[in-house]
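Notes for the one structure printed next.
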Amino acid sequence: MGPLRAHGEPPRYFTFPALEALGLPHATTTRHCPGLEGDARGPFAPAAVATLRAAGLDLARVAWARQVHGAAAARVAAAGGFAGTADVLVSTAPGVALAIFTADCLALTLWDPTAGALAVAHVGWRGLAAGATEAAVAAVVAAGARPARLRVAIAPAIGPCCYEVDAPVADRLARAYGARWTRWARATGAGRWRLDLGAAVDDLLVEAGVAPTAILNARLCTACHPELLFSYRKGHRGRLATLAALP
C-alpha cells in the first residue's frame, strides 16, 4: 500500500502515517466504509460518521461542494455545510471536515501546519486542464499558507496502467500546458495515450513551490482494485470520500 495505512479488515479507510504523525485528522474511504457504499455526495450516514470518528474526524461540521471538474475554490465557514459549486475547499477553522468525492480522479489534501490552513481538491483530466492543482495551492496560500511549508497527500486514483485518453483530451491538455503534457503521457496507438494524472499533479505542485519530499502520492490504482475501491471506468456508481480537518 506504499505510504498508506489501512484501517479495518477489509479496509474501511486509509490514512497517511506521515500526516498522522503530524496530527492531521484525515481519511480516504474504501468501498467497505459502512454508510458510503453508494453514491455519496453530501451528509454522511450514521454508520460512516461512526467509522470516521476513529480517524479523528467529527462530521458534525462536515463541508462539501457540488463538484464540476473545474478549478473554482470555496472558503468554508466554521459551521461547515454545503459550500456551493467548487472543486477546491479551503478552511482555517479547526475541526471542520472538508470532504471531496472521487471515483478515479485525484483527491488532494494540502496542509500548512504552521499557518493552520487546509485545502482539499478534486482533480481529474478536466480539472487538470482547467488549472485545479494550481488553484488549490493558490487557495490555501490565500488562507495564510506558504508553498514551501505545505504537506500534500494524493489519495488513491486511477493510474497510468489503466487510464487511456483520446485526442480531444490531449488537445485540451496541450492548450493548457503546451508540450509539457507529453511528460505525463505515453502513446499507445493512433490518437491514444496512457495519462499519468499523478505525475502531472506532482510536477505542478513542485512548480508551485511545494517541496518534492512533502508530496505523498498513494499510487494505488482504483481501476486495478475493484474489490477495494470504486472506479468510474470500471462501471461503479459509488464514490470514495477523502476528508481532512484542522486539528
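We label chains A, B, ... in the order they appear in the C-alpha cells, count residues from 1 in each chain, and number ligands from 1 in the order shown.
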Output as an mmCIF file with N, CA, C and O atoms, in the first residue's frame all residues of region 30-217 of chain A that backbone DSSP marks as alpha helix (DSSP H).
data_model
loop_
_atom_site.group_PDB
_atom_site.id
_atom_site.type_symbol
_atom_site.label_atom_id
_atom_site.label_comp_id
_atom_site.auth_asym_id
_atom_site.auth_seq_id
_atom_site.Cartn_x
_atom_site.Cartn_y
_atom_site.Cartn_z
ATOM 1 N N PRO A 46 -25.118 7.660 9.397
ATOM 2 C CA PRO A 46 -24.613 7.451 10.763
ATOM 3 C C PRO A 46 -23.496 6.416 10.860
ATOM 4 O O PRO A 46 -22.555 6.595 11.632
ATOM 5 N N ALA A 47 -23.573 5.348 10.065
ATOM 6 C CA ALA A 47 -22.525 4.325 10.132
ATOM 7 C C ALA A 47 -21.181 4.880 9.681
ATOM 8 O O ALA A 47 -20.134 4.565 10.258
ATOM 9 N N ALA A 48 -21.194 5.733 8.649
ATOM 10 C CA ALA A 48 -19.947 6.348 8.186
ATOM 11 C C ALA A 48 -19.418 7.334 9.218
ATOM 12 O O ALA A 48 -18.200 7.441 9.431
ATOM 13 N N VAL A 49 -20.312 8.065 9.850
ATOM 14 C CA VAL A 49 -19.908 9.010 10.895
ATOM 15 C C VAL A 49 -19.172 8.270 12.005
ATOM 16 O O VAL A 49 -18.110 8.702 12.478
ATOM 17 N N ALA A 50 -19.716 7.129 12.414
ATOM 18 C CA ALA A 50 -19.096 6.351 13.487
ATOM 19 C C ALA A 50 -17.745 5.806 13.054
ATOM 20 O O ALA A 50 -16.773 5.826 13.825
ATOM 21 N N THR A 51 -17.644 5.332 11.818
ATOM 22 C CA THR A 51 -16.378 4.786 11.320
ATOM 23 C C THR A 51 -15.301 5.855 11.257
ATOM 24 O O THR A 51 -14.166 5.654 11.690
ATOM 25 N N LEU A 52 -15.636 7.017 10.715
ATOM 26 C CA LEU A 52 -14.639 8.065 10.526
ATOM 27 C C LEU A 52 -14.282 8.781 11.820
ATOM 28 O O LEU A 52 -13.256 9.464 11.884
ATOM 29 N N ARG A 53 -15.108 8.622 12.846
ATOM 30 C CA ARG A 53 -14.741 9.182 14.151
ATOM 31 C C ARG A 53 -13.436 8.568 14.653
ATOM 32 O O ARG A 53 -12.653 9.218 15.333
ATOM 33 N N TRP A 125 -8.901 14.827 -15.367
ATOM 34 C CA TRP A 125 -8.221 15.433 -16.510
ATOM 35 C C TRP A 125 -8.800 16.802 -16.839
ATOM 36 O O TRP A 125 -8.063 17.730 -17.218
ATOM 37 N N ARG A 126 -10.110 16.970 -16.669
ATOM 38 C CA ARG A 126 -10.704 18.286 -16.936
ATOM 39 C C ARG A 126 -10.220 19.317 -15.922
ATOM 40 O O ARG A 126 -9.911 20.452 -16.278
ATOM 41 N N GLY A 127 -10.182 18.918 -14.657
ATOM 42 C CA GLY A 127 -9.666 19.818 -13.640
ATOM 43 C C GLY A 127 -8.198 20.137 -13.858
ATOM 44 O O GLY A 127 -7.758 21.271 -13.649
ATOM 45 N N LEU A 128 -7.440 19.127 -14.276
ATOM 46 C CA LEU A 128 -6.027 19.351 -14.582
ATOM 47 C C LEU A 128 -5.886 20.424 -15.654
ATOM 48 O O LEU A 128 -5.120 21.391 -15.497
ATOM 49 N N ALA A 129 -6.648 20.272 -16.752
ATOM 50 C CA ALA A 129 -6.583 21.239 -17.840
ATOM 51 C C ALA A 129 -7.078 22.619 -17.417
ATOM 52 O O ALA A 129 -6.612 23.644 -17.934
ATOM 53 N N ALA A 130 -8.013 22.658 -16.463
ATOM 54 C CA ALA A 130 -8.565 23.936 -16.000
ATOM 55 C C ALA A 130 -7.669 24.636 -14.978
ATOM 56 O O ALA A 130 -7.927 25.785 -14.617
ATOM 57 N N ALA A 132 -6.812 23.170 -11.782
ATOM 58 C CA ALA A 132 -7.279 22.913 -10.424
ATOM 59 C C ALA A 132 -6.137 22.721 -9.432
ATOM 60 O O ALA A 132 -6.244 23.122 -8.268
ATOM 61 N N THR A 133 -5.044 22.114 -9.875
ATOM 62 C CA THR A 133 -3.902 21.916 -8.972
ATOM 63 C C THR A 133 -3.338 23.258 -8.526
ATOM 64 O O THR A 133 -3.124 23.513 -7.333
ATOM 65 N N GLU A 134 -3.094 24.121 -9.498
ATOM 66 C CA GLU A 134 -2.570 25.446 -9.190
ATOM 67 C C GLU A 134 -3.563 26.250 -8.358
ATOM 68 O O GLU A 134 -3.181 26.996 -7.447
ATOM 69 N N ALA A 135 -4.865 26.084 -8.652
ATOM 70 C CA ALA A 135 -5.898 26.801 -7.893
ATOM 71 C C ALA A 135 -5.930 26.350 -6.442
ATOM 72 O O ALA A 135 -6.164 27.160 -5.534
ATOM 73 N N ALA A 136 -5.690 25.056 -6.205
ATOM 74 C CA ALA A 136 -5.688 24.553 -4.831
ATOM 75 C C ALA A 136 -4.542 25.165 -4.037
ATOM 76 O O ALA A 136 -4.719 25.572 -2.877
ATOM 77 N N VAL A 137 -3.358 25.234 -4.651
ATOM 78 C CA VAL A 137 -2.221 25.858 -3.965
ATOM 79 C C VAL A 137 -2.519 27.335 -3.711
ATOM 80 O O VAL A 137 -2.296 27.852 -2.609
ATOM 81 N N ALA A 138 -3.035 28.030 -4.716
ATOM 82 C CA ALA A 138 -3.335 29.454 -4.561
ATOM 83 C C ALA A 138 -4.373 29.692 -3.465
ATOM 84 O O ALA A 138 -4.267 30.660 -2.697
ATOM 85 N N ALA A 139 -5.366 28.812 -3.374
ATOM 86 C CA ALA A 139 -6.421 28.992 -2.372
ATOM 87 C C ALA A 139 -5.883 28.835 -0.958
ATOM 88 O O ALA A 139 -6.229 29.622 -0.061
ATOM 89 N N VAL A 140 -5.048 27.840 -0.741
ATOM 90 C CA VAL A 140 -4.524 27.642 0.613
ATOM 91 C C VAL A 140 -3.477 28.707 0.947
ATOM 92 O O VAL A 140 -3.365 29.128 2.106
ATOM 93 N N VAL A 141 -2.752 29.200 -0.054
ATOM 94 C CA VAL A 141 -1.816 30.314 0.181
ATOM 95 C C VAL A 141 -2.589 31.580 0.540
ATOM 96 O O VAL A 141 -2.192 32.337 1.438
ATOM 97 N N ALA A 142 -3.707 31.810 -0.124
ATOM 98 C CA ALA A 142 -4.537 32.973 0.204
ATOM 99 C C ALA A 142 -5.081 32.891 1.621
ATOM 100 O O ALA A 142 -5.401 33.927 2.232
ATOM 101 N N ALA A 167 -7.683 11.873 -28.416
ATOM 102 C CA ALA A 167 -7.169 13.128 -28.952
ATOM 103 C C ALA A 167 -7.847 14.370 -28.377
ATOM 104 O O ALA A 167 -7.158 15.367 -28.116
ATOM 105 N N PRO A 168 -9.174 14.390 -28.154
ATOM 106 C CA PRO A 168 -9.764 15.587 -27.561
ATOM 107 C C PRO A 168 -9.184 15.927 -26.190
ATOM 108 O O PRO A 168 -8.995 17.102 -25.861
ATOM 109 N N VAL A 169 -8.898 14.905 -25.377
ATOM 110 C CA VAL A 169 -8.268 15.153 -24.080
ATOM 111 C C VAL A 169 -6.861 15.690 -24.285
ATOM 112 O O VAL A 169 -6.451 16.669 -23.638
ATOM 113 N N ALA A 170 -6.121 15.066 -25.198
ATOM 114 C CA ALA A 170 -4.760 15.528 -25.476
ATOM 115 C C ALA A 170 -4.753 16.976 -25.949
ATOM 116 O O ALA A 170 -3.888 17.767 -25.550
ATOM 117 N N ASP A 171 -5.721 17.337 -26.792
ATOM 118 C CA ASP A 171 -5.784 18.714 -27.288
ATOM 119 C C ASP A 171 -6.022 19.703 -26.155
ATOM 120 O O ASP A 171 -5.408 20.785 -26.118
ATOM 121 N N ARG A 172 -6.916 19.336 -25.219
ATOM 122 C CA ARG A 172 -7.182 20.225 -24.080
ATOM 123 C C ARG A 172 -5.936 20.396 -23.219
ATOM 124 O O ARG A 172 -5.621 21.501 -22.762
ATOM 125 N N LEU A 173 -5.230 19.315 -22.971
ATOM 126 C CA LEU A 173 -4.021 19.397 -22.152
ATOM 127 C C LEU A 173 -2.930 20.178 -22.871
ATOM 128 O O LEU A 173 -2.180 20.943 -22.242
ATOM 129 N N ALA A 174 -2.823 20.009 -24.183
ATOM 130 C CA ALA A 174 -1.822 20.744 -24.952
ATOM 131 C C ALA A 174 -2.115 22.243 -24.926
ATOM 132 O O ALA A 174 -1.193 23.067 -24.846
ATOM 133 N N ARG A 175 -3.405 22.601 -24.991
ATOM 134 C CA ARG A 175 -3.748 24.022 -24.914
ATOM 135 C C ARG A 175 -3.394 24.598 -23.551
ATOM 136 O O ARG A 175 -3.006 25.766 -23.442
ATOM 137 N N ALA A 176 -3.528 23.789 -22.507
ATOM 138 C CA ALA A 176 -3.251 24.270 -21.153
ATOM 139 C C ALA A 176 -1.764 24.303 -20.833
ATOM 140 O O ALA A 176 -1.281 25.228 -20.170
ATOM 141 N N TYR A 177 -1.016 23.296 -21.310
ATOM 142 C CA TYR A 177 0.373 23.137 -20.860
ATOM 143 C C TYR A 177 1.391 23.007 -21.979
ATOM 144 O O TYR A 177 2.569 22.780 -21.700
ATOM 145 N N LEU A 197 -2.044 10.992 -14.342
ATOM 146 C CA LEU A 197 -2.536 12.174 -13.623
ATOM 147 C C LEU A 197 -1.684 12.473 -12.396
ATOM 148 O O LEU A 197 -1.432 13.635 -12.063
ATOM 149 N N GLY A 198 -1.233 11.414 -11.706
ATOM 150 C CA GLY A 198 -0.427 11.615 -10.506
ATOM 151 C C GLY A 198 0.877 12.320 -10.807
ATOM 152 O O GLY A 198 1.301 13.222 -10.069
ATOM 153 N N ALA A 199 1.546 11.929 -11.892
ATOM 154 C CA ALA A 199 2.803 12.576 -12.270
ATOM 155 C C ALA A 199 2.566 14.036 -12.640
ATOM 156 O O ALA A 199 3.379 14.916 -12.316
ATOM 157 N N ALA A 200 1.451 14.303 -13.326
ATOM 158 C CA ALA A 200 1.137 15.676 -13.704
ATOM 159 C C ALA A 200 0.955 16.554 -12.474
ATOM 160 O O ALA A 200 1.521 17.657 -12.375
ATOM 161 N N VAL A 201 0.183 16.074 -11.511
ATOM 162 C CA VAL A 201 -0.055 16.859 -10.305
ATOM 163 C C VAL A 201 1.223 17.011 -9.499
ATOM 164 O O VAL A 201 1.504 18.098 -8.959
ATOM 165 N N ASP A 202 2.022 15.956 -9.397
ATOM 166 C CA ASP A 202 3.316 16.072 -8.714
ATOM 167 C C ASP A 202 4.136 17.212 -9.314
ATOM 168 O O ASP A 202 4.685 18.059 -8.600
ATOM 169 N N ASP A 203 4.253 17.228 -10.642
ATOM 170 C CA ASP A 203 5.050 18.262 -11.318
ATOM 171 C C ASP A 203 4.500 19.654 -11.042
ATOM 172 O O ASP A 203 5.254 20.600 -10.756
ATOM 173 N N LEU A 204 3.191 19.797 -11.137
ATOM 174 C CA LEU A 204 2.587 21.120 -10.962
ATOM 175 C C LEU A 204 2.708 21.608 -9.527
ATOM 176 O O LEU A 204 2.880 22.815 -9.282
ATOM 177 N N LEU A 205 2.635 20.705 -8.566
ATOM 178 C CA LEU A 205 2.837 21.101 -7.173
ATOM 179 C C LEU A 205 4.258 21.609 -6.955
ATOM 180 O O LEU A 205 4.477 22.633 -6.290
ATOM 181 N N VAL A 206 5.231 20.901 -7.509
ATOM 182 C CA VAL A 206 6.621 21.331 -7.361
ATOM 183 C C VAL A 206 6.826 22.686 -8.036
ATOM 184 O O VAL A 206 7.497 23.576 -7.492
ATOM 185 N N GLU A 207 6.250 22.864 -9.214
ATOM 186 C CA GLU A 207 6.358 24.151 -9.906
ATOM 187 C C GLU A 207 5.731 25.276 -9.084
ATOM 188 O O GLU A 207 6.163 26.432 -9.166
#
Excluding region 233-240 of chain A and any residue of its chain fewer than 3 positions from it, enumerate the residues within 12 Å of it, using only C-alpha atoms, and give them as JSON, numbers by chain. {"A": [12, 13, 14, 27, 28, 29, 30, 31, 32, 33, 34, 35, 36, 37, 38, 39, 40, 41, 42, 48, 99, 100, 101, 102, 103, 104, 105, 106, 107, 122, 155, 156, 157, 158, 159, 162, 163, 164, 165, 221, 222, 223, 224, 225, 226, 227, 228, 229, 230, 243]}
List the spatial neighbours of region 56-59 of chain A as an MDAnalysis selection string - criterion: any atom at most 7 Å away, only C-alpha atoms, same-chain residues fewer than 4 positions off excluded. chainID A and resid 25:26 49 52 95 97 245
Keeping N, CA and C atoms for every residue in the selection just given, could you write it to a file as a PDB file, in the first residue's frame?
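Printed below is out_15.pdb as written:
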ATOM      1  N   PRO A  25      -6.062  15.026  11.374  1.00  0.00           N
ATOM      2  CA  PRO A  25      -7.145  14.057  11.175  1.00  0.00           C
ATOM      3  C   PRO A  25      -7.518  14.006   9.690  1.00  0.00           C
ATOM      4  N   HIS A  26      -7.519  12.814   9.107  1.00  0.00           N
ATOM      5  CA  HIS A  26      -7.821  12.679   7.686  1.00  0.00           C
ATOM      6  C   HIS A  26      -8.154  11.236   7.381  1.00  0.00           C
ATOM      7  N   VAL A  49     -20.312   8.065   9.850  1.00  0.00           N
ATOM      8  CA  VAL A  49     -19.908   9.010  10.895  1.00  0.00           C
ATOM      9  C   VAL A  49     -19.172   8.270  12.005  1.00  0.00           C
ATOM     10  N   LEU A  52     -15.636   7.017  10.715  1.00  0.00           N
ATOM     11  CA  LEU A  52     -14.639   8.065  10.526  1.00  0.00           C
ATOM     12  C   LEU A  52     -14.282   8.781  11.820  1.00  0.00           C
ATOM     13  N   GLY A  95     -11.341  21.721  13.203  1.00  0.00           N
ATOM     14  CA  GLY A  95     -12.438  20.791  13.396  1.00  0.00           C
ATOM     15  C   GLY A  95     -13.412  20.670  12.250  1.00  0.00           C
ATOM     16  N   ALA A  97     -14.454  19.381   8.892  1.00  0.00           N
ATOM     17  CA  ALA A  97     -14.014  18.315   7.986  1.00  0.00           C
ATOM     18  C   ALA A  97     -14.364  18.681   6.547  1.00  0.00           C
ATOM     19  N   ALA A 245      -9.408  17.544   8.413  1.00  0.00           N
ATOM     20  CA  ALA A 245      -9.849  18.633   9.294  1.00  0.00           C
ATOM     21  C   ALA A 245      -8.659  19.175  10.051  1.00  0.00           C
TER      22      ALA A 245
END
Extract the full set of strand (DSSP E or B) residues from region 55-242 of chain A according to DSSP on the backbone, and format it as number ranges by chain. A: 63-66, 73-75, 81-85, 88-91, 97-102, 106-112, 117-123, 151-154, 164-166, 185-189, 192-195, 215-217, 240-242
If you keep C-alpha atoms, can you produce a file of those selected residues as a tab-separated table (two decimals), in the first residue's frame?
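Output below, filename out39.tsv:
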chain	number	residue	atom	x	y	z
A	63	ALA	CA	-18.28	20.67	4.40
A	64	TRP	CA	-18.81	19.53	0.83
A	65	ALA	CA	-19.45	21.05	-2.60
A	66	ARG	CA	-21.06	20.36	-5.94
A	73	ALA	CA	-12.32	27.33	-4.85
A	74	ALA	CA	-14.71	27.92	-1.94
A	75	ARG	CA	-13.77	29.18	1.52
A	81	GLY	CA	-22.20	22.57	5.35
A	82	PHE	CA	-22.74	22.90	1.61
A	83	ALA	CA	-20.08	25.20	0.15
A	84	GLY	CA	-21.59	25.70	-3.30
A	85	THR	CA	-20.14	24.76	-6.69
A	88	VAL	CA	-11.39	23.11	-4.11
A	89	LEU	CA	-12.42	23.65	-0.48
A	90	VAL	CA	-10.25	25.67	1.91
A	91	SER	CA	-10.55	26.38	5.64
A	97	ALA	CA	-14.01	18.32	7.99
A	98	LEU	CA	-13.54	19.14	4.30
A	99	ALA	CA	-14.85	16.39	2.01
A	100	ILE	CA	-14.11	15.57	-1.63
A	101	PHE	CA	-15.72	12.67	-3.53
A	102	THR	CA	-13.94	10.73	-6.28
A	106	LEU	CA	-7.33	12.53	-7.71
A	107	ALA	CA	-8.25	13.88	-4.27
A	108	LEU	CA	-5.59	16.22	-2.86
A	109	THR	CA	-5.12	17.29	0.74
A	110	LEU	CA	-2.92	20.39	1.20
A	111	TRP	CA	-1.94	21.48	4.70
A	112	ASP	CA	0.36	24.08	6.21
A	117	ALA	CA	-4.54	26.41	6.65
A	118	LEU	CA	-6.05	23.40	4.91
A	119	ALA	CA	-7.48	22.63	1.48
A	120	VAL	CA	-8.83	19.61	-0.35
A	121	ALA	CA	-9.18	19.41	-4.12
A	122	HIS	CA	-10.75	17.23	-6.80
A	123	VAL	CA	-8.57	16.85	-9.93
A	151	ARG	CA	2.31	18.91	3.11
A	152	VAL	CA	0.33	17.38	0.25
A	153	ALA	CA	-1.28	13.93	0.12
A	154	ILE	CA	-2.79	12.39	-3.02
A	164	GLU	CA	-6.23	5.75	-21.62
A	165	VAL	CA	-7.31	9.05	-23.16
A	166	ASP	CA	-8.03	10.19	-26.70
A	185	ALA	CA	1.62	10.57	-21.19
A	186	ARG	CA	2.72	7.56	-23.24
A	187	ALA	CA	1.38	6.94	-26.74
A	188	THR	CA	-0.41	3.61	-27.12
A	189	GLY	CA	-1.67	3.98	-30.68
A	192	ARG	CA	-4.47	7.25	-27.85
A	193	TRP	CA	-2.31	7.84	-24.76
A	194	ARG	CA	-1.90	6.46	-21.26
A	195	LEU	CA	-2.15	9.51	-18.98
A	215	ILE	CA	4.26	15.21	-1.56
A	216	LEU	CA	2.74	11.86	-0.56
A	217	ASN	CA	1.26	10.05	-3.56
A	240	LEU	CA	-14.73	7.37	-2.31
A	241	ALA	CA	-14.64	10.21	0.21
A	242	THR	CA	-11.42	11.99	1.13
